[in-house]
Number of protein chains: 2
Amino acid sequence: MLLNRRVISQKMAILGVGLLGGSLGLAAKERGLAKKVVGYVRRESSIEDCLRAGAVDEATTNLGEAVENADIVIMCTPVGQLRLLTERVVSYLAKGALVTDVGSVKGSVVAQLTPMIGRTNATFVGSHPMAGSDQSGVHASTESLFEGAVCAVTPSETTPTDASDRIEALWKSVGGQPISMSPEDHDIMVARSSHLPHIAAAALARYVLDPSHPELQRKLCATGFRDTTRIASGSPEMWRDILLNNKINVLNEIHAMERELNLLRAAIAADDNSGILSFFTDAKQRKDALDFAD
Amino acid sequence: MLLNRRVISQKMAILGVGLLGGSLGLAAKERGLAKKVVGYVRRESSIEDCLRAGAVDEATTNLGEAVENADIVIMCTPVGQLRLLTERVVSYLAKGALVTDVGSVKGSVVAQLTPMIGRTNATFVGSHPMAGSDQSGVHASTESLFEGAVCAVTPSETTPTDASDRIEALWKSVGGQPISMSPEDHDIMVARSSHLPHIAAAALARYVLDPSHPELQRKLCATGFRDTTRIASGSPEMWRDILLNNKINVLNEIHAMERELNLLRAAIAADDNSGILSFFTDAKQRKDALDFAD
């Protein structure tokens, strides 16, 4: 009985089986969430990789084969590829199928995909599981990737509550912590807590390690530098797509960061002891409060 | 014979026994570098802490007792306290004693301390071991803290080579990687690879976690944000002192960061696909090259 209660899908289709798609497949299989998990990949050679990783029951380069009769379809491709993928997917979607994605931007994605998918009698609900790793690819997949991860679920104003609830249940069933919010709120907040840190890390890595600096400069990059710039190793293509799809919010956040730097710069230039101290005290208290809240 | 060859000090005085001082004491004792390691602490209650941690052979709140007859004196207090400490230390320094510090800024420190200490027939050579931890205090000390850490040694133009060599040998003997450079070069380069990242991390933590943002904002701070802002938990007082002691370089580096952000902002605003891609590709390649060089 317990097992039956946990099956939430007769056929789950995962389109794009990289780190996120592969981990979702592993988690779904491990927990018996779907009778069958099918993965769609672009390259023939990836089929073997998916099966070896145990990420799916079947893998195919045939999109129709992957999608037809699936009751849950999760698009795990980069944000920049979602629209094109959706154009192709709609021809195969089963009536009543529930479609979601894992993209880091939701406003433009939800606005574009909701009507495209809605016209086929299937339903789209955007998702953004905030899980990741330094590594990418199906070989880095792990069943526990979503464990404890906040998974934003972003219904539009027209999304049926039932569909949104089912997507929340999906993320909960792989260990995630689903939180519902509007696509617009999501994009404002991730521009701040995810896109801006990525930009800062990349700017630091690009600038500090500029080849025009003395060779010794690299030697003086210690663990603090390494931590602060860790995420600068992310995929350039993926980040370009994310930023362009969340352009206005991202531009606002870069402005905000510049205001913050200006504030500190003015305090240092003026030897404003207490101004500098209060800047760093705010930073430390807020950061410590975040860490202690875990 | 081996043991004798490793003894580099008859009496080593560590002034300020926190994370760095304590770890140096532990490493010196473990490796038999000094016949005796004496720690100077400000509070009576710290004596017990030092001894319990095994960081020193003797601990005292009496500065004279700690310093007299010591042939190596390492000042492990924050940069902002070095000048005052030195004023008090000079009355007790043995003739020929070698004095160093562990401060993150070297130009102003070397310029101030070299003549003060030189007048007493002792010699000052600045050091900056680039080792640290999220934690502070003697209880966090570890014998291996300096293992593999770059330790900048910054002789001035008047420093006898012999003194500089001995300080390099000190850091090497606790597992560090000593690198000699001028105090001025040091300060330019650490402003870039250490002070600027600290500023960026603190600015991000302070801004993103501002209490005026929605409560949900905190939930959307995932591992990327946490890594990028980890060092924002550092001591506000220590960082204020560091920045004010390296003011011109730090102001230059904040400007450089602003230029970098501006460059990316313009590319995003103009939908400059290839400009954004090349920004992130530079960042990733430089960061990956640093990591792979380990």
# chains A, B, ... in the order shown; residues from 1 in each chain; ligands from 1
>>> calpha_fit_and_write(fixed="chain B", moving="chain A", output="short mmCIF file (atom, residue, chain, number, x, y, z; two decimals) with C-alpha atoms, in the first residue's frame")
data_model
loop_
_atom_site.label_atom_id
_atom_site.label_comp_id
_atom_site.auth_asym_id
_atom_site.auth_seq_id
_atom_site.Cartn_x
_atom_site.Cartn_y
_atom_site.Cartn_z
CA MET A 1 71.64 15.42 15.15
CA LEU A 2 68.50 15.79 13.13
CA LEU A 3 66.72 17.23 16.14
CA ASN A 4 69.49 19.75 16.78
CA ARG A 5 69.42 20.90 13.21
CA ARG A 6 65.74 21.66 13.52
CA VAL A 7 65.99 23.85 16.61
CA ILE A 8 65.90 27.39 15.26
CA SER A 9 65.19 29.20 18.51
CA GLN A 10 66.16 28.99 22.14
CA LYS A 11 63.09 30.96 23.16
CA MET A 12 60.27 31.82 20.82
CA ALA A 13 57.82 34.48 21.99
CA ILE A 14 54.35 34.55 20.46
CA LEU A 15 52.55 37.79 21.22
CA GLY A 16 48.82 37.22 20.89
CA VAL A 17 47.80 33.58 20.99
CA GLY A 18 44.71 33.29 18.80
CA LEU A 19 44.21 31.10 15.75
CA LEU A 20 47.49 32.09 14.07
CA GLY A 21 49.62 32.45 17.19
CA GLY A 22 48.23 29.25 18.68
CA SER A 23 48.76 27.29 15.48
CA LEU A 24 52.30 28.59 15.19
CA GLY A 25 52.99 27.53 18.79
CA LEU A 26 51.53 24.07 18.18
CA ALA A 27 53.56 23.64 14.99
CA ALA A 28 56.77 24.88 16.65
CA LYS A 29 56.33 22.54 19.61
CA GLU A 30 55.33 19.57 17.46
CA ARG A 31 58.39 20.01 15.26
CA GLY A 32 60.79 20.87 18.07
CA LEU A 33 61.68 24.22 16.51
CA ALA A 34 62.20 26.06 19.78
CA LYS A 35 63.60 25.04 23.15
CA LYS A 36 60.79 27.03 24.71
CA VAL A 37 57.65 28.67 23.34
CA VAL A 38 56.19 31.46 25.47
CA GLY A 39 52.88 33.13 24.77
CA TYR A 40 51.82 36.62 25.73
CA VAL A 41 48.09 37.14 26.23
CA ARG A 42 46.10 40.12 27.40
CA ARG A 43 43.63 38.41 29.69
CA GLU A 44 44.45 36.21 32.67
CA SER A 45 41.73 33.80 31.58
CA SER A 46 43.52 33.22 28.28
CA ILE A 47 46.52 31.68 30.01
CA GLU A 48 44.55 28.57 30.84
CA ASP A 49 43.12 28.44 27.30
CA CYS A 50 46.60 28.52 25.74
CA LEU A 51 47.95 25.82 27.99
CA ARG A 52 44.91 23.62 27.50
CA ALA A 53 45.31 23.91 23.75
CA GLY A 54 48.98 22.95 24.13
CA ALA A 55 49.85 25.99 22.05
CA VAL A 56 52.73 27.21 24.24
CA ASP A 57 55.01 25.95 26.99
CA GLU A 58 54.30 28.99 29.14
CA ALA A 59 51.75 31.77 28.90
CA THR A 60 51.81 35.11 30.66
CA THR A 61 50.08 38.48 30.75
CA ASN A 62 53.47 40.05 31.46
CA LEU A 63 54.87 41.32 28.16
CA GLY A 64 58.41 41.75 29.51
CA GLU A 65 58.50 38.20 30.79
CA ALA A 66 57.37 36.89 27.40
CA VAL A 67 59.79 38.92 25.32
CA GLU A 68 63.01 39.03 27.34
CA ASN A 69 65.72 36.67 26.08
CA ALA A 70 63.55 35.55 23.18
CA ASP A 71 65.54 35.23 19.96
CA ILE A 72 62.43 35.08 17.79
CA VAL A 73 59.38 37.22 18.52
CA ILE A 74 56.23 36.79 16.42
CA MET A 75 53.53 39.43 16.84
CA CYS A 76 50.22 37.69 16.10
CA THR A 77 47.85 40.54 16.91
CA PRO A 78 45.61 42.34 14.42
CA VAL A 79 47.23 44.90 12.14
CA GLY A 80 45.58 47.80 13.99
CA GLN A 81 47.33 46.87 17.25
CA LEU A 82 50.86 46.30 15.95
CA ARG A 83 52.19 49.81 16.46
CA LEU A 84 51.09 50.07 20.07
CA LEU A 85 52.34 46.59 20.83
CA THR A 86 55.72 47.41 19.28
CA GLU A 87 56.03 50.58 21.38
CA ARG A 88 55.73 48.39 24.46
CA VAL A 89 57.84 45.50 23.16
CA VAL A 90 60.98 47.48 22.33
CA SER A 91 61.91 47.95 26.00
CA TYR A 92 62.33 44.21 26.44
CA LEU A 93 63.82 43.04 23.14
CA ALA A 94 67.06 41.08 23.37
CA LYS A 95 69.98 42.29 21.28
CA GLY A 96 69.93 40.50 17.95
CA ALA A 97 66.35 39.30 18.36
CA LEU A 98 64.42 38.73 15.20
CA VAL A 99 60.89 40.12 15.16
CA THR A 100 58.12 39.42 12.68
CA ASP A 101 54.35 39.70 12.48
CA VAL A 102 51.48 38.00 10.65
CA GLY A 103 49.52 41.05 9.51
CA SER A 104 47.61 41.19 6.23
CA VAL A 105 49.09 44.56 5.27
CA LYS A 106 52.80 45.12 4.99
CA GLY A 107 53.69 48.58 3.60
CA SER A 108 52.61 50.69 6.57
CA VAL A 109 53.59 48.00 9.06
CA VAL A 110 57.12 47.60 7.70
CA ALA A 111 57.60 51.37 7.40
CA GLN A 112 56.51 51.95 11.00
CA LEU A 113 57.99 48.96 12.78
CA THR A 114 61.37 48.63 11.04
CA PRO A 115 62.92 51.79 12.55
CA MET A 116 61.22 51.34 15.94
CA ILE A 117 62.67 47.86 16.30
CA GLY A 118 65.95 48.64 14.51
CA ARG A 119 66.84 51.20 17.18
CA THR A 120 66.96 48.41 19.79
CA ASN A 121 69.55 46.29 17.93
CA ALA A 122 66.84 43.83 17.04
CA THR A 123 65.60 43.33 13.47
CA PHE A 124 62.09 43.41 12.07
CA VAL A 125 61.03 41.51 8.97
CA GLY A 126 57.36 41.58 7.99
CA SER A 127 55.45 38.37 7.27
CA HIS A 128 52.01 37.47 6.05
CA PRO A 129 51.20 33.78 6.26
CA MET A 130 48.10 33.33 4.10
CA ALA A 131 46.45 30.80 6.34
CA GLY A 132 43.20 31.05 8.20
CA SER A 133 39.97 29.42 9.08
CA ASP A 134 36.31 30.28 9.55
CA GLN A 135 36.94 30.08 13.24
CA SER A 136 39.15 32.21 15.40
CA GLY A 137 40.73 31.85 18.83
CA VAL A 138 43.31 29.52 20.29
CA HIS A 139 40.79 26.68 20.58
CA ALA A 140 40.61 26.56 16.77
CA SER A 141 44.41 26.28 16.46
CA THR A 142 45.86 23.41 14.55
CA GLU A 143 49.41 22.24 14.04
CA SER A 144 48.82 21.98 10.29
CA LEU A 145 47.41 25.47 9.70
CA PHE A 146 50.45 26.64 7.72
CA GLU A 147 50.88 23.42 5.77
CA GLY A 148 51.18 24.44 2.12
CA ALA A 149 50.16 28.04 2.85
CA VAL A 150 51.91 30.79 0.95
CA CYS A 151 53.79 32.91 3.51
CA ALA A 152 54.78 36.28 2.14
CA VAL A 153 58.01 37.61 3.66
CA THR A 154 58.50 41.30 2.96
CA PRO A 155 61.98 42.68 3.64
CA SER A 156 62.45 46.41 3.20
CA GLU A 157 65.41 47.74 1.23
CA THR A 158 67.47 47.96 4.41
CA THR A 159 66.64 44.52 5.82
CA PRO A 160 69.73 42.30 6.20
CA THR A 161 69.40 39.27 3.91
CA ASP A 162 70.30 36.99 6.77
CA ALA A 163 67.31 38.18 8.83
CA SER A 164 64.96 37.76 5.93
CA ASP A 165 66.32 34.27 5.24
CA ARG A 166 65.74 33.25 8.84
CA ILE A 167 62.12 34.39 8.71
CA GLU A 168 61.63 32.47 5.47
CA ALA A 169 63.11 29.42 7.20
CA LEU A 170 60.70 29.89 10.10
CA TRP A 171 57.65 29.66 7.84
CA LYS A 172 59.15 26.81 5.87
CA SER A 173 59.77 24.88 9.05
CA VAL A 174 56.06 24.97 9.97
CA GLY A 175 55.10 23.69 6.51
CA GLY A 176 54.54 27.01 4.76
CA GLN A 177 55.70 28.12 1.34
CA PRO A 178 57.68 31.33 1.92
CA ILE A 179 57.79 33.84 -0.93
CA SER A 180 59.83 37.01 -0.67
CA MET A 181 58.47 40.25 -2.11
CA SER A 182 58.57 43.96 -1.34
CA PRO A 183 55.99 45.31 1.13
CA GLU A 184 54.63 47.52 -1.64
CA ASP A 185 54.15 44.68 -4.14
CA HIS A 186 52.56 42.61 -1.41
CA ASP A 187 50.00 45.27 -0.61
CA ILE A 188 49.03 45.83 -4.23
CA MET A 189 48.56 42.13 -4.83
CA VAL A 190 46.66 41.27 -1.65
CA ALA A 191 44.39 44.27 -2.14
CA ARG A 192 43.39 42.46 -5.32
CA SER A 193 43.26 38.79 -4.32
CA SER A 194 42.24 39.09 -0.68
CA HIS A 195 40.89 42.51 0.31
CA LEU A 196 38.71 42.95 -2.78
CA PRO A 197 37.08 39.49 -2.47
CA HIS A 198 36.38 40.27 1.16
CA ILE A 199 34.71 43.51 0.20
CA ALA A 200 32.66 41.81 -2.52
CA ALA A 201 31.56 39.03 -0.16
CA ALA A 202 30.61 41.50 2.57
CA ALA A 203 28.76 43.76 0.13
CA LEU A 204 26.77 40.78 -1.16
CA ALA A 205 25.91 39.48 2.30
CA ARG A 206 24.96 42.93 3.57
CA TYR A 207 22.84 43.77 0.56
CA VAL A 208 21.14 40.46 -0.32
CA LEU A 209 20.24 39.71 3.30
CA ASP A 210 19.02 43.24 4.00
CA PRO A 211 16.02 42.96 6.35
CA SER A 212 13.96 45.13 4.00
CA HIS A 213 13.84 42.29 1.46
CA PRO A 214 10.97 39.77 1.58
CA GLU A 215 11.37 36.93 4.08
CA LEU A 216 11.44 34.50 1.13
CA GLN A 217 14.70 36.06 -0.07
CA ARG A 218 16.68 34.12 2.53
CA LYS A 219 15.15 30.84 1.39
CA LEU A 220 16.48 31.49 -2.09
CA CYS A 221 20.07 31.76 -0.88
CA ALA A 222 21.54 28.43 -1.95
CA THR A 223 25.05 26.97 -1.79
CA GLY A 224 26.43 29.35 -4.44
CA PHE A 225 25.46 32.34 -2.31
CA ARG A 226 26.83 30.70 0.80
CA ASP A 227 30.23 30.00 -0.75
CA THR A 228 30.52 33.41 -2.32
CA THR A 229 29.80 35.13 1.00
CA ARG A 230 31.59 32.75 3.36
CA ILE A 231 34.37 35.18 4.23
CA ALA A 232 31.86 37.91 5.12
CA SER A 233 31.81 36.28 8.56
CA GLY A 234 35.30 37.60 9.29
CA SER A 235 35.97 40.04 12.11
CA PRO A 236 34.64 43.52 11.24
CA GLU A 237 37.30 45.23 13.37
CA MET A 238 40.11 43.29 11.74
CA TRP A 239 38.86 44.11 8.26
CA ARG A 240 38.34 47.78 9.03
CA ASP A 241 41.97 47.95 10.16
CA ILE A 242 43.25 46.09 7.12
CA LEU A 243 41.40 48.32 4.67
CA LEU A 244 42.43 51.55 6.36
CA ASN A 245 46.05 50.37 6.40
CA ASN A 246 45.95 49.61 2.68
CA LYS A 247 43.66 52.44 1.70
CA ILE A 248 45.01 53.60 -1.67
CA ASN A 249 45.38 50.09 -3.07
CA VAL A 250 41.97 49.08 -1.80
CA LEU A 251 40.29 52.13 -3.34
CA ASN A 252 41.98 51.29 -6.65
CA GLU A 253 40.72 47.73 -6.49
CA ILE A 254 37.14 48.77 -5.74
CA HIS A 255 37.36 50.97 -8.83
CA ALA A 256 38.62 48.01 -10.85
CA MET A 257 35.70 45.87 -9.66
CA GLU A 258 33.28 48.64 -10.64
CA ARG A 259 34.84 48.78 -14.11
CA GLU A 260 34.38 45.02 -14.42
CA LEU A 261 30.71 45.21 -13.36
CA ASN A 262 30.16 48.10 -15.75
CA LEU A 263 31.59 46.12 -18.62
CA LEU A 264 29.23 43.23 -18.01
CA ARG A 265 26.29 45.53 -17.37
CA ALA A 266 26.80 47.26 -20.70
CA ALA A 267 27.00 43.90 -22.49
CA ILE A 268 23.77 42.68 -20.88
CA ALA A 269 21.97 45.95 -21.57
CA ALA A 270 22.98 45.72 -25.24
CA ASP A 271 22.02 42.03 -25.54
CA ASP A 272 25.63 41.52 -26.56
CA ASN A 273 25.61 37.73 -26.67
CA SER A 274 29.26 37.25 -27.52
CA GLY A 275 30.41 39.96 -25.09
CA ILE A 276 28.62 38.23 -22.20
CA LEU A 277 29.87 34.84 -23.28
CA SER A 278 33.46 36.01 -23.49
CA PHE A 279 33.23 37.64 -20.04
CA PHE A 280 32.12 34.38 -18.42
CA THR A 281 34.49 32.28 -20.54
CA ASP A 282 37.46 34.38 -19.36
CA ALA A 283 36.29 34.00 -15.77
CA LYS A 284 35.82 30.25 -16.02
CA GLN A 285 39.10 29.59 -17.83
CA ARG A 286 41.12 31.67 -15.38
CA LYS A 287 39.44 30.14 -12.35
CA ASP A 288 39.79 26.60 -13.68
CA ALA A 289 43.47 27.20 -14.52
CA LEU A 290 44.05 28.33 -10.92
CA ASP A 291 42.36 25.23 -9.55
CA PHE A 292 44.10 22.81 -11.89
CA ALA A 293 47.47 24.36 -11.01
CA ASP A 294 47.17 22.95 -7.47
#
>>> select_by_dssp(residues="stretch 70-258 of chain B", states="alpha helix (DSSP H)", output="ChimeraX atom specification")
/B:82-89,107-118,161-173,183-190,196-208,216-219,223-228,236-245,247-258
>>> select_by_dssp(residues="stretch 41-279 of chain A", states="strand (DSSP E or B)", output="ChimeraX atom specification")
/A:58-60,72-75,98-101,123-124,126-129,150-154,177-180
>>> decode(residues="stretch 39-70 of chain B", atoms="N, CA, C and O atoms", output="PDB file, in the first residue's frame")
ATOM      1  N   GLY B  39      53.967  32.317  25.353  1.00  0.00           N
ATOM      2  CA  GLY B  39      52.883  33.106  24.773  1.00  0.00           C
ATOM      3  C   GLY B  39      52.524  34.290  25.658  1.00  0.00           C
ATOM      4  O   GLY B  39      52.461  34.163  26.882  1.00  0.00           O
ATOM      5  N   TYR B  40      52.323  35.435  25.033  1.00  0.00           N
ATOM      6  CA  TYR B  40      51.832  36.614  25.758  1.00  0.00           C
ATOM      7  C   TYR B  40      50.357  36.804  25.426  1.00  0.00           C
ATOM      8  O   TYR B  40      49.974  36.815  24.253  1.00  0.00           O
ATOM      9  N   VAL B  41      49.541  36.900  26.440  1.00  0.00           N
ATOM     10  CA  VAL B  41      48.104  37.115  26.247  1.00  0.00           C
ATOM     11  C   VAL B  41      47.661  38.309  27.085  1.00  0.00           C
ATOM     12  O   VAL B  41      48.320  38.679  28.057  1.00  0.00           O
ATOM     13  N   ARG B  42      46.559  38.915  26.698  1.00  0.00           N
ATOM     14  CA  ARG B  42      46.122  40.111  27.420  1.00  0.00           C
ATOM     15  C   ARG B  42      45.329  39.775  28.678  1.00  0.00           C
ATOM     16  O   ARG B  42      45.409  40.442  29.684  1.00  0.00           O
ATOM     17  N   ARG B  43      44.521  38.715  28.572  1.00  0.00           N
ATOM     18  CA  ARG B  43      43.651  38.388  29.715  1.00  0.00           C
ATOM     19  C   ARG B  43      44.171  37.197  30.499  1.00  0.00           C
ATOM     20  O   ARG B  43      44.618  36.199  29.927  1.00  0.00           O
ATOM     21  N   GLU B  44      44.071  37.289  31.818  1.00  0.00           N
ATOM     22  CA  GLU B  44      44.461  36.187  32.700  1.00  0.00           C
ATOM     23  C   GLU B  44      43.792  34.882  32.272  1.00  0.00           C
ATOM     24  O   GLU B  44      44.410  33.821  32.248  1.00  0.00           O
ATOM     25  N   SER B  45      42.511  34.990  31.928  1.00  0.00           N
ATOM     26  CA  SER B  45      41.742  33.784  31.607  1.00  0.00           C
ATOM     27  C   SER B  45      42.277  33.079  30.364  1.00  0.00           C
ATOM     28  O   SER B  45      42.042  31.881  30.161  1.00  0.00           O
ATOM     29  N   SER B  46      43.012  33.826  29.529  1.00  0.00           N
ATOM     30  CA  SER B  46      43.533  33.210  28.306  1.00  0.00           C
ATOM     31  C   SER B  46      44.721  32.290  28.579  1.00  0.00           C
ATOM     32  O   SER B  46      45.044  31.429  27.753  1.00  0.00           O
ATOM     33  N   ILE B  47      45.375  32.493  29.706  1.00  0.00           N
ATOM     34  CA  ILE B  47      46.543  31.665  30.036  1.00  0.00           C
ATOM     35  C   ILE B  47      46.154  30.194  30.049  1.00  0.00           C
ATOM     36  O   ILE B  47      46.763  29.347  29.388  1.00  0.00           O
ATOM     37  N   GLU B  48      45.080  29.926  30.770  1.00  0.00           N
ATOM     38  CA  GLU B  48      44.569  28.559  30.872  1.00  0.00           C
ATOM     39  C   GLU B  48      44.201  28.012  29.482  1.00  0.00           C
ATOM     40  O   GLU B  48      44.506  26.859  29.162  1.00  0.00           O
ATOM     41  N   ASP B  49      43.535  28.850  28.664  1.00  0.00           N
ATOM     42  CA  ASP B  49      43.130  28.417  27.315  1.00  0.00           C
ATOM     43  C   ASP B  49      44.335  27.996  26.475  1.00  0.00           C
ATOM     44  O   ASP B  49      44.305  26.992  25.765  1.00  0.00           O
ATOM     45  N   CYS B  50      45.395  28.801  26.535  1.00  0.00           N
ATOM     46  CA  CYS B  50      46.610  28.511  25.758  1.00  0.00           C
ATOM     47  C   CYS B  50      47.238  27.200  26.185  1.00  0.00           C
ATOM     48  O   CYS B  50      47.683  26.401  25.364  1.00  0.00           O
ATOM     49  N   LEU B  51      47.316  27.020  27.493  1.00  0.00           N
ATOM     50  CA  LEU B  51      47.973  25.818  28.011  1.00  0.00           C
ATOM     51  C   LEU B  51      47.125  24.589  27.689  1.00  0.00           C
ATOM     52  O   LEU B  51      47.656  23.552  27.284  1.00  0.00           O
ATOM     53  N   ARG B  52      45.800  24.737  27.827  1.00  0.00           N
ATOM     54  CA  ARG B  52      44.913  23.609  27.533  1.00  0.00           C
ATOM     55  C   ARG B  52      45.034  23.200  26.071  1.00  0.00           C
ATOM     56  O   ARG B  52      45.016  22.025  25.728  1.00  0.00           O
ATOM     57  N   ALA B  53      45.183  24.187  25.185  1.00  0.00           N
ATOM     58  CA  ALA B  53      45.316  23.893  23.755  1.00  0.00           C
ATOM     59  C   ALA B  53      46.710  23.350  23.426  1.00  0.00           C
ATOM     60  O   ALA B  53      46.955  22.886  22.315  1.00  0.00           O
ATOM     61  N   GLY B  54      47.627  23.421  24.386  1.00  0.00           N
ATOM     62  CA  GLY B  54      48.990  22.941  24.147  1.00  0.00           C
ATOM     63  C   GLY B  54      49.770  23.832  23.202  1.00  0.00           C
ATOM     64  O   GLY B  54      50.764  23.418  22.592  1.00  0.00           O
ATOM     65  N   ALA B  55      49.313  25.083  23.073  1.00  0.00           N
ATOM     66  CA  ALA B  55      49.881  25.974  22.067  1.00  0.00           C
ATOM     67  C   ALA B  55      51.229  26.553  22.475  1.00  0.00           C
ATOM     68  O   ALA B  55      52.010  26.977  21.619  1.00  0.00           O
ATOM     69  N   VAL B  56      51.483  26.617  23.769  1.00  0.00           N
ATOM     70  CA  VAL B  56      52.739  27.198  24.267  1.00  0.00           C
ATOM     71  C   VAL B  56      53.217  26.401  25.474  1.00  0.00           C
ATOM     72  O   VAL B  56      52.450  25.660  26.090  1.00  0.00           O
ATOM     73  N   ASP B  57      54.507  26.584  25.803  1.00  0.00           N
ATOM     74  CA  ASP B  57      55.037  25.941  27.007  1.00  0.00           C
ATOM     75  C   ASP B  57      54.667  26.752  28.241  1.00  0.00           C
ATOM     76  O   ASP B  57      54.387  26.209  29.306  1.00  0.00           O
ATOM     77  N   GLU B  58      54.698  28.082  28.058  1.00  0.00           N
ATOM     78  CA  GLU B  58      54.336  28.980  29.158  1.00  0.00           C
ATOM     79  C   GLU B  58      53.493  30.103  28.580  1.00  0.00           C
ATOM     80  O   GLU B  58      53.722  30.534  27.452  1.00  0.00           O
ATOM     81  N   ALA B  59      52.568  30.592  29.368  1.00  0.00           N
ATOM     82  CA  ALA B  59      51.775  31.752  28.931  1.00  0.00           C
ATOM     83  C   ALA B  59      51.773  32.769  30.058  1.00  0.00           C
ATOM     84  O   ALA B  59      51.794  32.415  31.240  1.00  0.00           O
ATOM     85  N   THR B  60      51.768  34.040  29.670  1.00  0.00           N
ATOM     86  CA  THR B  60      51.836  35.099  30.673  1.00  0.00           C
ATOM     87  C   THR B  60      51.132  36.358  30.189  1.00  0.00           C
ATOM     88  O   THR B  60      51.021  36.579  28.978  1.00  0.00           O
ATOM     89  N   THR B  61      50.671  37.155  31.134  1.00  0.00           N
ATOM     90  CA  THR B  61      50.115  38.457  30.774  1.00  0.00           C
ATOM     91  C   THR B  61      51.174  39.542  30.942  1.00  0.00           C
ATOM     92  O   THR B  61      50.891  40.727  30.782  1.00  0.00           O
ATOM     93  N   ASN B  62      52.387  39.114  31.279  1.00  0.00           N
ATOM     94  CA  ASN B  62      53.494  40.041  31.485  1.00  0.00           C
ATOM     95  C   ASN B  62      54.345  40.101  30.208  1.00  0.00           C
ATOM     96  O   ASN B  62      55.069  39.154  29.885  1.00  0.00           O
ATOM     97  N   LEU B  63      54.235  41.209  29.484  1.00  0.00           N
ATOM     98  CA  LEU B  63      54.897  41.311  28.173  1.00  0.00           C
ATOM     99  C   LEU B  63      56.420  41.171  28.289  1.00  0.00           C
ATOM    100  O   LEU B  63      57.055  40.489  27.476  1.00  0.00           O
ATOM    101  N   GLY B  64      56.992  41.817  29.303  1.00  0.00           N
ATOM    102  CA  GLY B  64      58.431  41.752  29.510  1.00  0.00           C
ATOM    103  C   GLY B  64      58.912  40.321  29.697  1.00  0.00           C
ATOM    104  O   GLY B  64      59.891  39.884  29.073  1.00  0.00           O
ATOM    105  N   GLU B  65      58.181  39.587  30.527  1.00  0.00           N
ATOM    106  CA  GLU B  65      58.527  38.189  30.800  1.00  0.00           C
ATOM    107  C   GLU B  65      58.509  37.370  29.507  1.00  0.00           C
ATOM    108  O   GLU B  65      59.363  36.497  29.308  1.00  0.00           O
ATOM    109  N   ALA B  66      57.531  37.648  28.659  1.00  0.00           N
ATOM    110  CA  ALA B  66      57.406  36.881  27.412  1.00  0.00           C
ATOM    111  C   ALA B  66      58.548  37.210  26.454  1.00  0.00           C
ATOM    112  O   ALA B  66      59.123  36.314  25.832  1.00  0.00           O
ATOM    113  N   VAL B  67      58.881  38.486  26.362  1.00  0.00           N
ATOM    114  CA  VAL B  67      59.811  38.916  25.315  1.00  0.00           C
ATOM    115  C   VAL B  67      61.277  38.781  25.718  1.00  0.00           C
ATOM    116  O   VAL B  67      62.130  38.478  24.876  1.00  0.00           O
ATOM    117  N   GLU B  68      61.613  38.973  27.006  1.00  0.00           N
ATOM    118  CA  GLU B  68      63.043  39.038  27.341  1.00  0.00           C
ATOM    119  C   GLU B  68      63.737  37.703  27.075  1.00  0.00           C
ATOM    120  O   GLU B  68      63.213  36.641  27.340  1.00  0.00           O
ATOM    121  N   ASN B  69      64.918  37.831  26.479  1.00  0.00           N
ATOM    122  CA  ASN B  69      65.741  36.685  26.079  1.00  0.00           C
ATOM    123  C   ASN B  69      65.185  35.879  24.915  1.00  0.00           C
ATOM    124  O   ASN B  69      65.774  34.856  24.547  1.00  0.00           O
ATOM    125  N   ALA B  70      64.075  36.299  24.353  1.00  0.00           N
ATOM    126  CA  ALA B  70      63.571  35.571  23.179  1.00  0.00           C
ATOM    127  C   ALA B  70      64.428  35.939  21.972  1.00  0.00           C
ATOM    128  O   ALA B  70      64.786  37.110  21.796  1.00  0.00           O
TER     129      ALA B  70
END
